[in-house]
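The structure appears right after this line, and notes come after that.
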Amino acid sequence: MNSQTSREGLTRRQLLSRSAAVGASFVVGAGFVAGADAAWALETQALSPESMAALIQLARDIYPHDRIPDENYVIAVKVYDTADAAPAIEAGIAALDAVAQGRGYPSYLGTPWERDRVAILREMELSPFFQSIRGGLVTGLYNQKAVWPLFGYEGESYSEGGYLHRGFDDINWL
Amino acid sequence: MTAPFDLSDDSVVVIVGTGAGGGVLANELAQKGVSVVALEAGGRYLPEDYINDEWESFGQLAWVEPRTTSGDWRVARDFPNLPAWIVKAVGGTSIHWAGASLRIQDHEFRARTEYGNVSGANLLDWPLTRAELDPWYDKAEKKLGVTRTNDLPGLPGNNNFKVFEAGAKAIGYTQVNTGHMAINSVEYDGRMACQQTGFCFQGCKWGAKWSSAYTDIPRGEATGNLEVRANCHVLRIEHNEQGLVNAVVYSDADGNEQRQSARMVCVAGNSIESPRLLLNSASSMFPDGLANSSGQVGRNYMRHTTGSVYGVFDKPVRMWRGTVMAGIIQDEAHNDPSRGFVGGYEMETLSLGLPFMAAFLDPGGWGREFTSALDSYENMAGLWIVGEDMPQETNRVTLNTEVTDAFGMPVANVNFDDHPNDIAMRNYAYMKGMEMYDAVGATRTFPTPPYPSTHNLGTNRMSENPRDGVVNKFGQSHDIPNLYVSDGSQFTTGAAENPTLTIVALAIRQADHIAGELSKGNL
Ligand SMILES: Cc1cc2nc3c(=O)[nH]c(=O)nc-3n(C[C@H](O)[C@H](O)[C@H](O)COP(=O)(O)OP(=O)(O)OC[C@H]3O[C@@H](n4cnc5c(N)ncnc54)[C@H](O)[C@@H]3O)c2cc1C
Ligand code: SF4
């Protein structure tokens, strides 16, 4: 787990007393965003906590895997929480919110159904903002070794002597 | 033991690039007592250095300097600065390759005669027949230890192969086996047998797969006749007033420009860098680049008609376990225009690890349609289509003067449009691949678009007539007798087969030819 995402940083009670829930699954406070179940919390550096929460939701909406916990999406998008990257992200999230508002929702994050958020994204699919977030996630998310077991992928095998004696031909249902 | 040659030594043969073509040529010449300096842009990595991790390995070995793309191929949209997947290292792309080693079929050497006049295609017969090349194919198969040749057994089939084989048989294919692979099924040539680790594309850490990096190159060096200079990027080739090449200028490992004299130069930088180097070497005597009086340098770029099919099943396959490409179906490799296209294609097993699958399954894809496919990764089987594509004059490597590399040299632009024959073949092959997997219970199949090109061919093609191509049947340029091309860019047509065995056979044959010419005093 990354140093800036911490399971112990804030207690559930602290979180709830210092923050407001945005959307269904995030809690946003002064300078931090956290999972609604308080399983993780992240102190933001350059991005507003609201934008970070929206960015995490965006990452999940682009590559939704119900078995991957928020932490891995957080790790994938945390790279944008720098002084250099933040302005473009804030602008991109603002654009997302504007499209959401045009469809009658308070914000992107305040759009409850994934179906409706995806419709918002389809409208922005060709924007450089969307494309760069999506492109970054391809490695930012799927190249995290921690998510590989969720797909069954076993990764490196040389140190185990390959699969010659570990099931390279063990298929039994054909 | 490594021979140190002087920069001013003009008796040496200079080879540019040390991959499948250059690495083999360097060793073959060194074995015959010819002095060789091989210049390689990349560094030296051996099995202990290879990494069982797709992106990390890519960062270690791949050629990532900028290139640009144009044309209607999907790669130009999905990977605009990565037209090709090529290694930059001593050993070149023979470190990454999967080892599938097939001879080009007899009729494919006569593509123009066999297929006739295909509109929009710049087809030409090779100035070489299969029978003429067969003795060198024999030598190449021995060198590479190709399974199912010389009494070497086939590799055992892995999970991915078993699904592939069952599907093939279910739809009536009969020519299916675990391939002709340059991967040891038993200990051979001092290298151990395959341990089924499954990272063939990242360099074989056991050395079970042939690569010039740890076979031909060290053997050539051991003769004392070969000096390999790593991290030396050749910028241009120079010539004298008679129009004969006499030196190469390169940037050395410290970034200093050096000039190596040469009695002759063999270019083996792969089909993108080789034409780029010839074009970047333009002079007042050769304003269109070296060896380019035909105007064919860089043209007729071929990449095989490729594509993949992945099938998802209701139970695990774990296709990543074991050899990546040890499985082939050859029933579609013949020429049968009644299928709606000329030429044929091979189908071969293929697996990607999860990180590459995410990048290549459907580049640009997102949302649940995409992620639900990846969620089934463990239950996927995969195959690759490799078929003959049509040479087209406008599919070409040119210099992009607006983009320069770290040395200030214009980079290569790769322009490619699919020919209607390519599209018809790919669509037909997709249907067949999907049919195969459906026949053994696939619940979902994916016709996956071509990856950045792994087979890069044709940009300095062989021709009988100097008007039609760049080199003759020995790879000697038509225009400049002491300038040779020694890689896949010599291919007159692409044929359906993976190209490397042919590149190696041509390199061995070229070494015999060069040694002969040298001893006759012709070079
Ligand atoms: C993932 C993958 C799988 C493959 N699988 C197969 C397979 O199963 N079967 C098959 O037949 N083929 C396969 N191939 C293709 C095979 O690797 C190539 O056909 C073969 O390596 C090409 O040989 P080459 O000598 O033309 O070029 P390379 O092997 O690419 O060597 C070219 C070398 O030249 C160097 N170079 C270039 N420009 C310069 C310069 N200016 N100065 C100095 N050095 C330079 C490069 O750094 C490189 O090391 C595969 C390729 C890839 C990427
Ligand atoms: S599967 Fe075999 S050939 Fe491929 S990398 Fe592993 S040991 Fe080498």
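We label chains A, B, ... in the order they appear in the structure tokens, count residues from 1 in each chain, and number ligands from 1 in the order shown.
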> Do you know which residues are at most 7 Å from segment 65-76 of chain B counting only C-alpha atoms, after dropping those on the same chain fewer than 5 positions away, and could you put them as a list in words?
Replying inline: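 Using only C-alpha atoms, the neighbours found are Asn81, Leu82, Pro83, Asp405, Val411, Ala412, Asn413, Val414, Asn415, Phe416, Asp417, Asp418, Tyr451 and Pro452 of chain B.
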> Near Asp66 of chain A, within 12 Å and counting only C-alpha atoms, which residues show up once chain neighbours fewer than 4 positions away are dropped, as a PyMOL selection string?
Replying inline: (chain A and resi 60-61+70+72-73+147+150-151) or (chain B and resi 368+371-372+374-375)
>> Select, as a PyMOL selection string, those residues of chain B with any atom no more than 6 Å from chain A (distances computed using only C-alpha atoms).
In response: chain B and resi 52+158-159+195-197+321-322+355+366-367+371+378
Emit the selected residues as a JSON list (two decimals), in the first residue's frame, including all heavy atoms.
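Listed below is the output, again33.json:
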```json
[["chain", "number", "residue", "atom", "x", "y", "z"],
["B", 52, "ASN", "N", 11.03, -11.41, -16.52],
["B", 52, "ASN", "CA", 9.70, -12.02, -16.68],
["B", 52, "ASN", "C", 8.60, -11.02, -16.32],
["B", 52, "ASN", "O", 7.82, -11.23, -15.39],
["B", 52, "ASN", "CB", 9.55, -13.21, -15.69],
["B", 52, "ASN", "CG", 10.00, -14.55, -16.27],
["B", 52, "ASN", "OD1", 9.65, -15.60, -15.73],
["B", 52, "ASN", "ND2", 10.76, -14.54, -17.33],
["B", 158, "ASN", "N", 0.93, -27.15, -24.59],
["B", 158, "ASN", "CA", 0.46, -26.57, -23.32],
["B", 158, "ASN", "C", -1.07, -26.43, -23.36],
["B", 158, "ASN", "O", -1.73, -26.85, -24.31],
["B", 158, "ASN", "CB", 1.17, -25.23, -23.04],
["B", 158, "ASN", "CG", 0.80, -24.14, -24.04],
["B", 158, "ASN", "OD1", 0.10, -24.39, -25.02],
["B", 158, "ASN", "ND2", 1.26, -22.93, -23.79],
["B", 159, "ASN", "N", -1.62, -25.82, -22.32],
["B", 159, "ASN", "CA", -3.08, -25.68, -22.24],
["B", 159, "ASN", "C", -3.65, -24.95, -23.45],
["B", 159, "ASN", "O", -4.67, -25.35, -24.01],
["B", 159, "ASN", "CB", -3.46, -24.93, -20.96],
["B", 159, "ASN", "CG", -3.21, -25.76, -19.71],
["B", 159, "ASN", "OD1", -3.23, -26.99, -19.77],
["B", 159, "ASN", "ND2", -2.96, -25.10, -18.60],
["B", 195, "GLN", "N", 11.57, -24.91, -20.33],
["B", 195, "GLN", "CA", 10.98, -25.16, -19.01],
["B", 195, "GLN", "C", 9.54, -24.66, -18.92],
["B", 195, "GLN", "O", 8.96, -24.61, -17.84],
["B", 195, "GLN", "CB", 11.82, -24.48, -17.92],
["B", 195, "GLN", "CG", 13.27, -24.95, -17.88],
["B", 195, "GLN", "CD", 13.38, -26.43, -17.62],
["B", 195, "GLN", "OE1", 12.94, -26.91, -16.58],
["B", 195, "GLN", "NE2", 13.94, -27.18, -18.57],
["B", 196, "GLN", "N", 8.98, -24.23, -20.07],
["B", 196, "GLN", "CA", 7.58, -23.80, -20.10],
["B", 196, "GLN", "C", 7.32, -22.63, -19.14],
["B", 196, "GLN", "O", 6.31, -22.61, -18.44],
["B", 196, "GLN", "CB", 6.64, -24.99, -19.77],
["B", 196, "GLN", "CG", 6.83, -26.18, -20.69],
["B", 196, "GLN", "CD", 6.24, -25.99, -22.08],
["B", 196, "GLN", "OE1", 5.45, -25.08, -22.32],
["B", 196, "GLN", "NE2", 6.67, -26.81, -23.04],
["B", 197, "THR", "N", 8.22, -21.66, -19.14],
["B", 197, "THR", "CA", 8.02, -20.50, -18.26],
["B", 197, "THR", "C", 7.00, -19.51, -18.82],
["B", 197, "THR", "O", 6.38, -18.77, -18.09],
["B", 197, "THR", "CB", 9.32, -19.71, -18.03],
["B", 197, "THR", "OG1", 9.91, -19.46, -19.28],
["B", 197, "THR", "CG2", 10.27, -20.45, -17.14],
["B", 321, "ARG", "N", 0.65, -20.07, -19.40],
["B", 321, "ARG", "CA", 1.61, -21.08, -18.94],
["B", 321, "ARG", "C", 2.24, -21.78, -20.15],
["B", 321, "ARG", "O", 1.55, -22.32, -21.00],
["B", 321, "ARG", "CB", 0.91, -22.14, -18.08],
["B", 321, "ARG", "CG", 0.39, -21.58, -16.77],
["B", 321, "ARG", "CD", -0.18, -22.72, -15.95],
["B", 321, "ARG", "NE", -0.67, -22.26, -14.65],
["B", 321, "ARG", "CZ", -1.24, -23.06, -13.77],
["B", 321, "ARG", "NH1", -1.41, -24.35, -14.06],
["B", 321, "ARG", "NH2", -1.65, -22.59, -12.61],
["B", 322, "GLY", "N", 3.54, -21.75, -20.19],
["B", 322, "GLY", "CA", 4.25, -22.51, -21.23],
["B", 322, "GLY", "C", 4.54, -21.70, -22.47],
["B", 322, "GLY", "O", 4.25, -20.51, -22.56],
["B", 355, "PRO", "N", -0.96, -7.69, -18.44],
["B", 355, "PRO", "CA", -0.69, -6.29, -18.78],
["B", 355, "PRO", "C", -0.73, -6.01, -20.29],
["B", 355, "PRO", "O", -1.27, -5.00, -20.72],
["B", 355, "PRO", "CB", 0.73, -6.06, -18.22],
["B", 355, "PRO", "CG", 0.89, -7.08, -17.14],
["B", 355, "PRO", "CD", 0.12, -8.27, -17.61],
["B", 366, "TRP", "N", -12.97, 0.46, -23.69],
["B", 366, "TRP", "CA", -13.19, 0.73, -22.27],
["B", 366, "TRP", "C", -14.62, 0.38, -21.92],
["B", 366, "TRP", "O", -15.41, 0.02, -22.78],
["B", 366, "TRP", "CB", -12.88, 2.20, -21.92],
["B", 366, "TRP", "CG", -13.72, 3.23, -22.63],
["B", 366, "TRP", "CD1", -13.51, 3.72, -23.88],
["B", 366, "TRP", "CD2", -14.90, 3.87, -22.14],
["B", 366, "TRP", "NE1", -14.48, 4.63, -24.20],
["B", 366, "TRP", "CE2", -15.35, 4.75, -23.14],
["B", 366, "TRP", "CE3", -15.61, 3.80, -20.93],
["B", 366, "TRP", "CZ2", -16.49, 5.55, -22.99],
["B", 366, "TRP", "CZ3", -16.74, 4.61, -20.78],
["B", 366, "TRP", "CH2", -17.16, 5.48, -21.80],
["B", 367, "GLY", "N", -14.93, 0.46, -20.65],
["B", 367, "GLY", "CA", -16.28, 0.13, -20.20],
["B", 367, "GLY", "C", -16.43, -1.38, -19.99],
["B", 367, "GLY", "O", -15.49, -2.14, -20.17],
["B", 371, "THR", "N", -13.96, -4.64, -19.99],
["B", 371, "THR", "CA", -13.46, -5.20, -18.73],
["B", 371, "THR", "C", -14.03, -6.58, -18.44],
["B", 371, "THR", "O", -13.38, -7.40, -17.80],
["B", 371, "THR", "CB", -13.73, -4.25, -17.54],
["B", 371, "THR", "OG1", -15.13, -3.95, -17.49],
["B", 371, "THR", "CG2", -12.93, -2.98, -17.67],
["B", 378, "GLU", "N", -8.44, -15.61, -17.24],
["B", 378, "GLU", "CA", -7.98, -16.95, -16.87],
["B", 378, "GLU", "C", -8.60, -18.04, -17.76],
["B", 378, "GLU", "O", -8.03, -19.11, -17.92],
["B", 378, "GLU", "CB", -8.36, -17.20, -15.40],
["B", 378, "GLU", "CG", -7.66, -18.37, -14.78],
["B", 378, "GLU", "CD", -7.90, -18.47, -13.27],
["B", 378, "GLU", "OE1", -8.75, -17.71, -12.73],
["B", 378, "GLU", "OE2", -7.24, -19.30, -12.62]]
```
List the neighbours of Gly17 of chain B out to 9 Å using only C-alpha atoms; skip same-chain residues closer than 3 positions along the sequence, and give me the result as a PDB file with N, CA and C atoms, in the first residue's frame.
```pdb
ATOM      1  N   GLY B  21      19.456 -11.368 -38.643  1.00  0.00           N
ATOM      2  CA  GLY B  21      20.262 -11.306 -39.860  1.00  0.00           C
ATOM      3  C   GLY B  21      21.711 -10.941 -39.572  1.00  0.00           C
ATOM      4  N   GLY B  22      21.927  -9.781 -38.955  1.00  0.00           N
ATOM      5  CA  GLY B  22      23.283  -9.280 -38.726  1.00  0.00           C
ATOM      6  C   GLY B  22      24.093 -10.157 -37.786  1.00  0.00           C
ATOM      7  N   GLY B  23      23.460 -10.672 -36.744  1.00  0.00           N
ATOM      8  CA  GLY B  23      24.173 -11.495 -35.770  1.00  0.00           C
ATOM      9  C   GLY B  23      24.680 -12.785 -36.398  1.00  0.00           C
ATOM     10  N   ALA B  38      30.881  -5.312 -35.966  1.00  0.00           N
ATOM     11  CA  ALA B  38      29.421  -5.219 -35.944  1.00  0.00           C
ATOM     12  C   ALA B  38      29.021  -4.096 -34.996  1.00  0.00           C
ATOM     13  N   LEU B  39      28.286  -3.146 -35.521  1.00  0.00           N
ATOM     14  CA  LEU B  39      27.854  -1.988 -34.730  1.00  0.00           C
ATOM     15  C   LEU B  39      26.394  -2.168 -34.346  1.00  0.00           C
ATOM     16  N   GLU B  40      26.123  -2.055 -33.076  1.00  0.00           N
ATOM     17  CA  GLU B  40      24.770  -2.302 -32.584  1.00  0.00           C
ATOM     18  C   GLU B  40      24.321  -1.109 -31.733  1.00  0.00           C
ATOM     19  N   ALA B  41      23.164  -0.566 -32.080  1.00  0.00           N
ATOM     20  CA  ALA B  41      22.654   0.615 -31.380  1.00  0.00           C
ATOM     21  C   ALA B  41      22.330   0.320 -29.916  1.00  0.00           C
ATOM     22  N   GLY B  42      21.936  -0.904 -29.625  1.00  0.00           N
ATOM     23  CA  GLY B  42      21.506  -1.246 -28.270  1.00  0.00           C
ATOM     24  C   GLY B  42      22.618  -1.818 -27.414  1.00  0.00           C
ATOM     25  N   LYS B  88      16.113  -3.317 -29.474  1.00  0.00           N
ATOM     26  CA  LYS B  88      17.362  -2.583 -29.665  1.00  0.00           C
ATOM     27  C   LYS B  88      18.352  -3.143 -28.661  1.00  0.00           C
ATOM     28  N   ALA B  89      19.116  -4.112 -29.081  1.00  0.00           N
ATOM     29  CA  ALA B  89      20.061  -4.782 -28.187  1.00  0.00           C
ATOM     30  C   ALA B  89      20.953  -5.676 -29.035  1.00  0.00           C
ATOM     31  N   VAL B  90      22.084  -6.053 -28.484  1.00  0.00           N
ATOM     32  CA  VAL B  90      22.908  -7.057 -29.162  1.00  0.00           C
ATOM     33  C   VAL B  90      22.057  -8.333 -29.238  1.00  0.00           C
ATOM     34  N   GLY B  91      21.827  -8.799 -30.461  1.00  0.00           N
ATOM     35  CA  GLY B  91      20.902  -9.929 -30.649  1.00  0.00           C
ATOM     36  C   GLY B  91      19.589  -9.486 -31.274  1.00  0.00           C
ATOM     37  N   GLY B  92      19.335  -8.196 -31.230  1.00  0.00           N
ATOM     38  CA  GLY B  92      18.149  -7.630 -31.878  1.00  0.00           C
ATOM     39  C   GLY B  92      16.869  -8.338 -31.473  1.00  0.00           C
ATOM     40  N   HIS B 233      25.358   3.650 -32.429  1.00  0.00           N
ATOM     41  CA  HIS B 233      24.254   3.897 -33.351  1.00  0.00           C
ATOM     42  C   HIS B 233      24.791   4.484 -34.654  1.00  0.00           C
ATOM     43  N   VAL B 234      24.612   3.767 -35.740  1.00  0.00           N
ATOM     44  CA  VAL B 234      25.128   4.228 -37.031  1.00  0.00           C
ATOM     45  C   VAL B 234      24.238   5.350 -37.587  1.00  0.00           C
ATOM     46  N   CYS B 266      27.370  -4.107 -44.583  1.00  0.00           N
ATOM     47  CA  CYS B 266      26.151  -4.916 -44.640  1.00  0.00           C
ATOM     48  C   CYS B 266      25.146  -4.297 -43.675  1.00  0.00           C
ATOM     49  N   VAL B 267      23.985  -3.952 -44.191  1.00  0.00           N
ATOM     50  CA  VAL B 267      22.983  -3.267 -43.388  1.00  0.00           C
ATOM     51  C   VAL B 267      21.956  -4.284 -42.890  1.00  0.00           C
ATOM     52  N   ALA B 268      21.795  -4.362 -41.583  1.00  0.00           N
ATOM     53  CA  ALA B 268      20.882  -5.353 -40.982  1.00  0.00           C
ATOM     54  C   ALA B 268      20.176  -4.743 -39.784  1.00  0.00           C
ATOM     55  N   GLY B 269      19.558  -3.596 -39.993  1.00  0.00           N
ATOM     56  CA  GLY B 269      18.928  -2.862 -38.888  1.00  0.00           C
ATOM     57  C   GLY B 269      17.434  -3.096 -38.762  1.00  0.00           C
ATOM     58  N   ASN B 270      16.916  -4.097 -39.484  1.00  0.00           N
ATOM     59  CA  ASN B 270      15.482  -4.393 -39.560  1.00  0.00           C
ATOM     60  C   ASN B 270      14.832  -3.441 -40.577  1.00  0.00           C
TER      61      ASN B 270
END
```
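Here atom 12 (N, counted along the ligand's line) of ligand 1 is placed at a distance of 26.7 Å from atom CA of Ala515 of chain B.
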> Using only C-alpha atoms, which residues sit within 12 Å of Asp81 of chain A once same-chain residues fewer than 6 positions away are excluded, as a ChimeraX atom specification?
Replying inline: /A:4,31-32,42-49,51-53,55-56,74-75,87-90
Next, dump the selected residues to file, keeping only C-alpha atoms, as a tab-separated table (two decimals), in the first residue's frame.
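Output file selection.tsv is given in full below:
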```tsv
chain	number	residue	atom	x	y	z
A	4	GLN	CA	-0.30	8.32	1.01
A	31	GLY	CA	-7.56	17.95	2.01
A	32	PHE	CA	-8.53	14.31	1.90
A	42	LEU	CA	-5.91	9.71	0.77
A	43	GLU	CA	-4.54	13.13	1.51
A	44	THR	CA	-4.48	15.16	-1.66
A	45	GLN	CA	-1.57	17.43	-2.49
A	46	ALA	CA	-2.51	19.55	-5.49
A	47	LEU	CA	-5.97	18.39	-6.48
A	48	SER	CA	-9.08	19.32	-4.59
A	49	PRO	CA	-10.47	16.33	-2.71
A	51	SER	CA	-11.73	16.35	-8.00
A	52	MET	CA	-9.76	13.42	-6.68
A	53	ALA	CA	-12.97	11.66	-5.73
A	55	LEU	CA	-11.13	11.05	-10.77
A	56	ILE	CA	-11.27	7.80	-8.83
A	74	VAL	CA	-6.47	5.35	-6.24
A	75	ILE	CA	-2.91	4.20	-6.89
A	87	PRO	CA	-4.79	22.15	-13.56
A	88	ALA	CA	-5.61	19.94	-16.55
A	89	ILE	CA	-7.35	17.44	-14.29
A	90	GLU	CA	-9.41	20.10	-12.55
```
>> Hey, which residues sit close to ligand 2? Say within 6 Å, counting only C-alpha atoms and all ligand atoms, and write them as a list in words.
In response: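 Counting only C-alpha atoms and all ligand atoms, the residues within 6 Å of ligand 2 come out as Ile183, Cys194, Gln195, Gln196, Thr197, Gly198, Phe199, Cys200, Cys204, Trp206, Ala208, Lys209, Gly322 and Thr323 of chain B.
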> How would you write, as an NGL selection string, the set of residues in segment 332-414 of chain B that DSSP gives as alpha helix (DSSP H)?
Replying inline: :B and (354-360 or 368-375)
> DSSP on the backbone: what in chain A comes out strand (DSSP E or B), as a PyMOL selection string?
Replying inline: chain A and resi 5-6+19-22+26-29+32-35+41-43
Just write the chosen residues, C-alpha atoms, as a compact mmCIF listing (two decimals), in the first residue's frame.
```
# COMPACT_ATOMS: atom_id res chain seq x y z
CA THR A 5 -3.21 5.93 1.00
CA SER A 6 -3.55 4.71 4.49
CA SER A 19 -16.44 15.47 5.96
CA ALA A 20 -19.32 15.29 3.58
CA ALA A 21 -20.27 12.33 1.47
CA VAL A 22 -20.07 12.95 -2.27
CA PHE A 26 -16.61 8.68 -1.32
CA VAL A 27 -16.14 10.86 1.70
CA VAL A 28 -14.47 14.17 1.10
CA GLY A 29 -13.01 16.42 3.76
CA PHE A 32 -8.53 14.31 1.90
CA VAL A 33 -10.74 11.82 0.19
CA ALA A 34 -11.66 8.46 1.63
CA GLY A 35 -13.70 5.37 0.93
CA ALA A 41 -8.08 7.54 2.92
CA LEU A 42 -5.91 9.71 0.77
CA GLU A 43 -4.54 13.13 1.51
```
> Can you list, as an MDAnalysis selection string, every protein, DNA or RNA residue that comes within 9 Å of Gly441 of chain B when you count only C-alpha atoms, leaving out same-chain residues fewer than 4 positions away?
Replying inline: chainID B and resid 167 312:314 437
> Between B:Ser293, B:Ser489, B:Thr448, B:Ser284, which has the minimum distance to ligand 1 (counting only C-alpha atoms and all ligand atoms)?
Replying inline: B:Ser489
> Which residues come within 9 Å of segment 237-250 of chain B, counting only C-alpha atoms, excluding same-chain residues fewer than 6 positions away, as number ranges by chain?
Replying inline: B: 10, 14, 39, 256-265, 277-278, 280-283, 285-286, 290, 479-483
